[in-house]
Amino acid sequence: MSAKILDGAALAQSIRADVAQRTAKLAAAGRAPGLAVILVGDDPGSTIYVRHKVKDCEEAGIRSTLDRLPASTAQQQLLARIRELNEDDTVDGILVQLPLPPQIDPFTVIETISPAKDVDGFHVASAGALMTGQPGFLPCTPYGVMRLLAHAGARLRGAEAVVVGRSNIVGKPQAMLLLQADATVTICHSRTRDLAVHTRRADVLVAAVGRARMITGDMIKPGAIVVDVGMNRDESGRLCGDVDFESASRVASWITPVPGGVGPMTRAMLLVNTVEAAERKQESSDGN
Ligand code: GUN
């Protein structure tokens with residue numbers, strides 16, 4: 001058996017085209033959506049991510065601004081800038097790129113962003129909304145994974161879904177979204193005893209651990225849908241996921257490649273959240 005490729009790059013492209021249409025409508029009605037990005041310091045990885053985000057916005061007709069603050073920025077200074085952006089009516093979404101330098105507490109920073117502009121979906125209010133089934137912003141990676149699963153025609157109701165990884169940004173919200181879709185959800189992590197016992201039961205397997213090729217074909221149920229959130233470098237410096245693609249693709253029915261799977265979807269869902277934030281604001285001002 002050979003798995004079908006779950007092509008995140010292609011799906012992301014169609015999502016961006018849809019965002020561009022929604023953006024054009026907003027622009028015609030008065031104002032294009034706006035995203036404010038803040039980068040503190042000059043971590044090379046973060047600099048590349050931020051550059052991608054700004055470019056994606058441009059192509060989708062979303063106005064974006066980039067604040068580049070020095071690595072020595074005091075927390076108070078960053079918080080003051082966020083408060084300004086919270087008050088700025090031309091800004092629909094605010095994104096502070098993580099990680100932050102050690103003198104800045106990421107939780108305090110995220111909690112300072114207005115929940116109405118939390119397009120990363122990292123605020124406690126966003127997490128709480130997800131947990132309780134209320135409207136709010138979904139974190140971009142798990143949101144993108146759900147779109148990929150829908151695209152693969154995954155039947156989630158009653159399915160065994162296993163998430164490997166329990167981060168606040170991916171693992172935990174991913175599990176919650178799968179639960180909302182009526183899957184039976186297991187969360188595995190670094191202390192899980194006999195990981196393979198769990199992964200082998202999964203109809204849907206989401207790997208988000210950050211360890212190169214740790215999920216191998218023998219750990220996968222034949223016919224499973226495998227989504228690889230990992231973004232690692234192997235010993236020879238090659239980009240690879242948490243799943244050993246070669247062995248896994250002989251067992252799975254669908255599998256995401258790395259790169260070209262989840263990565264482009266994460267980027268696309270940021271645009272979706274930003275246009276959504278602008279639409280919500282327009283709707284609430286229409287109602288006034
Ligand atoms: N750093 C790595 N991924 C992300 C992300 O999705 N959002 C933010 N703000 N920082 C990140």
# chains A, B, ... in the order shown; residues from 1 in each chain; ligands from 1

call {"tool": "closest_atom_pairs", "arguments": {"of": "chain A", "to": "ligand 1", "cutoff": "8 Å", "atoms": "only C-alpha atoms and all ligand atoms", "output": "CSV"}}
result
residue,atom,partner,partner_atom_place_in_ligand_line,distance
A:Ser46,CA,ligand 1,1 (N),6.6
A:Tyr49,CA,ligand 1,2 (C),7.6
A:Leu95,CA,ligand 1,9 (N),5.3
A:Val96,CA,ligand 1,9 (N),4.7
A:Gln97,CA,ligand 1,9 (N),3.7
A:Leu98,CA,ligand 1,10 (N),3.8
A:Pro99,CA,ligand 1,1 (N),6.0
A:Asp120,CA,ligand 1,7 (N),5.8
A:Pro139,CA,ligand 1,6 (O),7.5
A:Cys140,CA,ligand 1,6 (O),6.5
A:Thr141,CA,ligand 1,6 (O),7.1
A:Ile169,CA,ligand 1,6 (O),7.6
A:Thr266,CA,ligand 1,6 (O),7.2

call {"tool": "write_last_selection", "arguments": {"atoms": "N, CA, C and O atoms", "output": "CSV table (one decimal), in the first residue's frame"}}
result
chain,number,residue,atom,x,y,z
A,46,SER,N,13.0,33.1,13.5
A,46,SER,CA,11.8,34.0,13.6
A,46,SER,C,11.8,35.0,12.6
A,46,SER,O,10.7,35.4,12.1
A,49,TYR,N,10.3,33.4,9.5
A,49,TYR,CA,8.8,33.2,9.7
A,49,TYR,C,8.1,34.5,9.5
A,49,TYR,O,7.1,34.6,8.8
A,95,LEU,N,0.1,40.0,16.2
A,95,LEU,CA,0.9,38.8,16.4
A,95,LEU,C,2.3,39.2,16.9
A,95,LEU,O,3.0,40.0,16.3
A,96,VAL,N,2.6,38.6,18.1
A,96,VAL,CA,4.0,38.8,18.6
A,96,VAL,C,4.7,37.5,18.4
A,96,VAL,O,4.3,36.4,18.9
A,97,GLN,N,5.8,37.5,17.6
A,97,GLN,CA,6.5,36.3,17.2
A,97,GLN,C,7.2,35.7,18.5
A,97,GLN,O,7.8,36.5,19.2
A,98,LEU,N,7.0,34.4,18.7
A,98,LEU,CA,7.7,33.7,19.8
A,98,LEU,C,8.9,32.9,19.2
A,98,LEU,O,8.8,32.6,18.0
A,99,PRO,N,9.9,32.6,19.9
A,99,PRO,CA,10.1,32.9,21.3
A,99,PRO,C,10.6,34.4,21.5
A,99,PRO,O,11.0,35.0,20.6
A,120,ASP,N,-3.4,34.7,16.7
A,120,ASP,CA,-2.6,33.5,17.0
A,120,ASP,C,-3.4,32.5,17.8
A,120,ASP,O,-3.1,31.3,17.8
A,139,PRO,N,-5.9,28.4,17.3
A,139,PRO,CA,-4.5,28.5,17.0
A,139,PRO,C,-4.3,27.9,15.6
A,139,PRO,O,-4.9,26.9,15.2
A,140,CYS,N,-3.4,28.6,14.8
A,140,CYS,CA,-3.3,28.3,13.4
A,140,CYS,C,-2.9,26.9,13.0
A,140,CYS,O,-3.5,26.4,12.0
A,141,THR,N,-2.0,26.3,13.7
A,141,THR,CA,-1.6,24.9,13.3
A,141,THR,C,-2.7,23.9,13.5
A,141,THR,O,-3.0,23.2,12.5
A,169,ILE,N,0.3,25.3,22.1
A,169,ILE,CA,0.1,25.8,20.8
A,169,ILE,C,-0.4,24.8,19.8
A,169,ILE,O,-1.2,25.1,18.9
A,266,THR,N,-0.5,26.3,8.3
A,266,THR,CA,-0.4,27.2,9.5
A,266,THR,C,-0.4,28.7,9.0
A,266,THR,O,-1.1,29.6,9.5

call {"tool": "select_by_dssp", "arguments": {"residues": "segment 19-263 of chain A", "states": "strand (DSSP E)", "output": "PyMOL selection string"}}
result
chain A and resi 34-40+63-69+93-96+160-164+184-188+204-207+225-228+232-233+239-240+254-255

call {"tool": "residues_around", "arguments": {"residues": "Gly260 of chain A", "least_positions_apart": "5", "cutoff": "7 Å", "atoms": "only C-alpha atoms", "output": "JSON, numbers by chain"}}
result
{"A": [7, 8, 9]}

call {"tool": "write_last_selection", "arguments": {"atoms": "all heavy atoms", "output": "PDB file, in the first residue's frame"}}
result
ATOM      1  N   ASP A   7      -1.759  17.210   0.462  1.00  0.00           N
ATOM      2  CA  ASP A   7      -0.955  18.318  -0.062  1.00  0.00           C
ATOM      3  C   ASP A   7      -1.363  19.653   0.574  1.00  0.00           C
ATOM      4  O   ASP A   7      -2.295  20.321   0.122  1.00  0.00           O
ATOM      5  CB  ASP A   7      -1.154  18.356  -1.589  1.00  0.00           C
ATOM      6  CG  ASP A   7      -0.257  19.383  -2.258  1.00  0.00           C
ATOM      7  OD1 ASP A   7       0.288  20.265  -1.573  1.00  0.00           O
ATOM      8  OD2 ASP A   7      -0.121  19.301  -3.493  1.00  0.00           O
ATOM      9  N   GLY A   8      -0.630  20.022   1.614  1.00  0.00           N
ATOM     10  CA  GLY A   8      -0.929  21.264   2.328  1.00  0.00           C
ATOM     11  C   GLY A   8      -0.634  22.500   1.489  1.00  0.00           C
ATOM     12  O   GLY A   8      -1.320  23.513   1.612  1.00  0.00           O
ATOM     13  N   ALA A   9       0.361  22.412   0.637  1.00  0.00           N
ATOM     14  CA  ALA A   9       0.713  23.584  -0.181  1.00  0.00           C
ATOM     15  C   ALA A   9      -0.441  23.938  -1.118  1.00  0.00           C
ATOM     16  O   ALA A   9      -0.816  25.112  -1.250  1.00  0.00           O
ATOM     17  CB  ALA A   9       1.987  23.298  -0.964  1.00  0.00           C
TER      18      ALA A   9
END

call {"tool": "closest_residue", "arguments": {"among": "A:Ala29, A:Met269, A:Val91, A:Leu138", "to": "Val124 of chain A", "atoms": "only C-alpha atoms"}}
result
A:Leu138

call {"tool": "residues_around", "arguments": {"residues": "Gly41 of chain A", "least_positions_apart": "6", "cutoff": "8 Å", "atoms": "only C-alpha atoms", "output": "JSON, numbers by chain"}}
result
{"A": [68, 69, 70, 71, 72, 100, 101]}

call {"tool": "write_last_selection", "arguments": {"atoms": "all heavy atoms", "output": "PDB file, in the first residue's frame"}}
result
ATOM      1  N   ARG A  68      10.006  45.953  14.397  1.00  0.00           N
ATOM      2  CA  ARG A  68      11.200  45.189  14.792  1.00  0.00           C
ATOM      3  C   ARG A  68      11.814  45.873  15.992  1.00  0.00           C
ATOM      4  O   ARG A  68      12.321  46.991  15.897  1.00  0.00           O
ATOM      5  CB  ARG A  68      12.203  45.134  13.639  1.00  0.00           C
ATOM      6  CG  ARG A  68      11.671  44.323  12.467  1.00  0.00           C
ATOM      7  CD  ARG A  68      12.778  43.920  11.544  1.00  0.00           C
ATOM      8  NE  ARG A  68      13.673  42.965  12.192  1.00  0.00           N
ATOM      9  CZ  ARG A  68      14.528  42.176  11.531  1.00  0.00           C
ATOM     10  NH1 ARG A  68      14.605  42.249  10.219  1.00  0.00           N
ATOM     11  NH2 ARG A  68      15.294  41.339  12.176  1.00  0.00           N
ATOM     12  N   LEU A  69      11.763  45.208  17.136  1.00  0.00           N
ATOM     13  CA  LEU A  69      12.287  45.786  18.372  1.00  0.00           C
ATOM     14  C   LEU A  69      13.597  45.082  18.728  1.00  0.00           C
ATOM     15  O   LEU A  69      13.756  43.894  18.460  1.00  0.00           O
ATOM     16  CB  LEU A  69      11.271  45.622  19.509  1.00  0.00           C
ATOM     17  CG  LEU A  69       9.861  46.171  19.240  1.00  0.00           C
ATOM     18  CD1 LEU A  69       8.946  45.906  20.425  1.00  0.00           C
ATOM     19  CD2 LEU A  69       9.920  47.668  18.945  1.00  0.00           C
ATOM     20  N   PRO A  70      14.528  45.826  19.352  1.00  0.00           N
ATOM     21  CA  PRO A  70      15.808  45.197  19.700  1.00  0.00           C
ATOM     22  C   PRO A  70      15.641  44.101  20.756  1.00  0.00           C
ATOM     23  O   PRO A  70      14.679  44.115  21.528  1.00  0.00           O
ATOM     24  CB  PRO A  70      16.632  46.366  20.258  1.00  0.00           C
ATOM     25  CG  PRO A  70      15.674  47.464  20.534  1.00  0.00           C
ATOM     26  CD  PRO A  70      14.470  47.250  19.682  1.00  0.00           C
ATOM     27  N   ALA A  71      16.578  43.162  20.769  1.00  0.00           N
ATOM     28  CA  ALA A  71      16.542  42.041  21.716  1.00  0.00           C
ATOM     29  C   ALA A  71      16.569  42.534  23.161  1.00  0.00           C
ATOM     30  O   ALA A  71      16.125  41.830  24.068  1.00  0.00           O
ATOM     31  CB  ALA A  71      17.726  41.106  21.456  1.00  0.00           C
ATOM     32  N   SER A  72      17.071  43.755  23.372  1.00  0.00           N
ATOM     33  CA  SER A  72      17.182  44.304  24.732  1.00  0.00           C
ATOM     34  C   SER A  72      15.895  44.997  25.191  1.00  0.00           C
ATOM     35  O   SER A  72      15.842  45.538  26.293  1.00  0.00           O
ATOM     36  CB  SER A  72      18.326  45.323  24.762  1.00  0.00           C
ATOM     37  OG  SER A  72      18.043  46.353  23.818  1.00  0.00           O
ATOM     38  N   LEU A 100      10.418  34.801  22.781  1.00  0.00           N
ATOM     39  CA  LEU A 100      10.833  36.144  23.169  1.00  0.00           C
ATOM     40  C   LEU A 100      12.119  36.063  23.986  1.00  0.00           C
ATOM     41  O   LEU A 100      12.421  35.017  24.561  1.00  0.00           O
ATOM     42  CB  LEU A 100       9.716  36.781  24.000  1.00  0.00           C
ATOM     43  CG  LEU A 100       8.463  37.155  23.191  1.00  0.00           C
ATOM     44  CD1 LEU A 100       7.260  37.348  24.103  1.00  0.00           C
ATOM     45  CD2 LEU A 100       8.719  38.387  22.338  1.00  0.00           C
ATOM     46  N   PRO A 101      12.893  37.178  24.024  1.00  0.00           N
ATOM     47  CA  PRO A 101      14.121  37.157  24.829  1.00  0.00           C
ATOM     48  C   PRO A 101      13.808  36.892  26.311  1.00  0.00           C
ATOM     49  O   PRO A 101      12.674  37.112  26.743  1.00  0.00           O
ATOM     50  CB  PRO A 101      14.708  38.563  24.632  1.00  0.00           C
ATOM     51  CG  PRO A 101      13.909  39.232  23.580  1.00  0.00           C
ATOM     52  CD  PRO A 101      12.669  38.446  23.337  1.00  0.00           C
TER      53      PRO A 101
END

call {"tool": "residues_around", "arguments": {"residues": "Arg51 of chain A", "least_positions_apart": "6", "cutoff": "12 Å", "atoms": "only C-alpha atoms", "output": "list in words"}}
result
Val37, Ile38, Leu39, Asp42, Pro44, Gly45, Cys57, Glu58, Ser64, Thr65, Leu66, Asp67, Arg68, Gln97 and Arg267 of chain A

call {"tool": "residues_around", "arguments": {"residues": "Val162 of chain A", "least_positions_apart": "3", "cutoff": "6 Å", "atoms": "only C-alpha atoms", "output": "VMD selection string"}}
result
chain A and resid 185 to 187 202 205

call {"tool": "residues_around", "arguments": {"residues": "Val145 of chain A", "least_positions_apart": "5", "cutoff": "12 Å", "atoms": "only C-alpha atoms", "output": "PyMOL selection string"}}
result
chain A and resi 6-8+11-12+138-140+150-152+154+163+170-171+173-175+177-178+204-208+225-229+255-256+261-269

call {"tool": "atom_distance", "arguments": {"atom1": "atom CA of Glu84 of chain A", "atom2": "atom CA of Val275 of chain A"}}
result
20.4 Å

call {"tool": "atom_distance", "arguments": {"atom1": "atom CA of Ser167 of chain A", "atom2": "atom CA of Gln76 of chain A"}}
result
26.6 Å

call {"tool": "closest_atom_pairs", "arguments": {"of": "segment 1-84 of chain A", "to": "segment 113-116 of chain A", "cutoff": "12 Å", "atoms": "only C-alpha atoms", "output": "Markdown table"}}
result
| residue | atom | partner | partner_atom | distance |
| --- | --- | --- | --- | --- |
| A:Ala36 | CA | A:Ile113 | CA | 11.2 |
| A:Val37 | CA | A:Ile113 | CA | 11.9 |
| A:Ile38 | CA | A:Ile113 | CA | 11.7 |
| A:Leu78 | CA | A:Ile113 | CA | 10.8 |
| A:Leu79 | CA | A:Ile113 | CA | 8.6 |
| A:Ala80 | CA | A:Ile113 | CA | 10.6 |
| A:Arg81 | CA | A:Ile113 | CA | 10.1 |
| A:Ile82 | CA | A:Ile113 | CA | 6.3 |
| A:Arg83 | CA | A:Ile113 | CA | 7.3 |
| A:Glu84 | CA | A:Ile113 | CA | 10.1 |

call {"tool": "write_last_selection", "arguments": {"atoms": "N, CA, C and O atoms", "output": "PDB file, in the first residue's frame"}}
result
ATOM      1  N   ALA A  36      -0.844  43.482  12.567  1.00  0.00           N
ATOM      2  CA  ALA A  36       0.369  44.076  13.136  1.00  0.00           C
ATOM      3  C   ALA A  36       1.248  42.958  13.681  1.00  0.00           C
ATOM      4  O   ALA A  36       0.807  42.165  14.510  1.00  0.00           O
ATOM      5  N   VAL A  37       2.463  42.875  13.168  1.00  0.00           N
ATOM      6  CA  VAL A  37       3.403  41.839  13.599  1.00  0.00           C
ATOM      7  C   VAL A  37       4.524  42.500  14.392  1.00  0.00           C
ATOM      8  O   VAL A  37       5.037  43.555  13.995  1.00  0.00           O
ATOM      9  N   ILE A  38       4.874  41.895  15.512  1.00  0.00           N
ATOM     10  CA  ILE A  38       5.992  42.405  16.312  1.00  0.00           C
ATOM     11  C   ILE A  38       7.050  41.314  16.428  1.00  0.00           C
ATOM     12  O   ILE A  38       6.743  40.176  16.802  1.00  0.00           O
ATOM     13  N   LEU A  78       7.361  46.671  25.383  1.00  0.00           N
ATOM     14  CA  LEU A  78       6.596  45.807  24.484  1.00  0.00           C
ATOM     15  C   LEU A  78       5.111  45.870  24.833  1.00  0.00           C
ATOM     16  O   LEU A  78       4.250  45.984  23.948  1.00  0.00           O
ATOM     17  N   LEU A  79       4.809  45.823  26.131  1.00  0.00           N
ATOM     18  CA  LEU A  79       3.407  45.854  26.555  1.00  0.00           C
ATOM     19  C   LEU A  79       2.755  47.177  26.139  1.00  0.00           C
ATOM     20  O   LEU A  79       1.595  47.197  25.702  1.00  0.00           O
ATOM     21  N   ALA A  80       3.518  48.265  26.255  1.00  0.00           N
ATOM     22  CA  ALA A  80       2.984  49.581  25.875  1.00  0.00           C
ATOM     23  C   ALA A  80       2.650  49.608  24.383  1.00  0.00           C
ATOM     24  O   ALA A  80       1.607  50.129  23.966  1.00  0.00           O
ATOM     25  N   ARG A  81       3.514  49.000  23.583  1.00  0.00           N
ATOM     26  CA  ARG A  81       3.266  48.952  22.134  1.00  0.00           C
ATOM     27  C   ARG A  81       2.026  48.117  21.817  1.00  0.00           C
ATOM     28  O   ARG A  81       1.210  48.479  20.964  1.00  0.00           O
ATOM     29  N   ILE A  82       1.867  46.999  22.517  1.00  0.00           N
ATOM     30  CA  ILE A  82       0.687  46.145  22.302  1.00  0.00           C
ATOM     31  C   ILE A  82      -0.580  46.915  22.662  1.00  0.00           C
ATOM     32  O   ILE A  82      -1.582  46.864  21.930  1.00  0.00           O
ATOM     33  N   ARG A  83      -0.528  47.667  23.766  1.00  0.00           N
ATOM     34  CA  ARG A  83      -1.732  48.434  24.178  1.00  0.00           C
ATOM     35  C   ARG A  83      -2.100  49.472  23.124  1.00  0.00           C
ATOM     36  O   ARG A  83      -3.280  49.705  22.864  1.00  0.00           O
ATOM     37  N   GLU A  84      -1.085  50.081  22.525  1.00  0.00           N
ATOM     38  CA  GLU A  84      -1.352  51.037  21.430  1.00  0.00           C
ATOM     39  C   GLU A  84      -2.070  50.339  20.280  1.00  0.00           C
ATOM     40  O   GLU A  84      -3.041  50.856  19.723  1.00  0.00           O
TER      41      GLU A  84
END

call {"tool": "closest_residue", "arguments": {"among": "A:Glu235, A:Glu111, A:Asp92, A:Asp286", "to": "Ala32 of chain A", "atoms": "only C-alpha atoms"}}
result
A:Asp92

call {"tool": "select_by_dssp", "arguments": {"residues": "segment 22-241 of chain A", "states": "helix (DSSP H, G or I)", "output": "PyMOL selection string"}}
result
chain A and resi 22-28+44-60+75-87+106-112+115-117+124-132+140-151+171-180+195-199+217-219
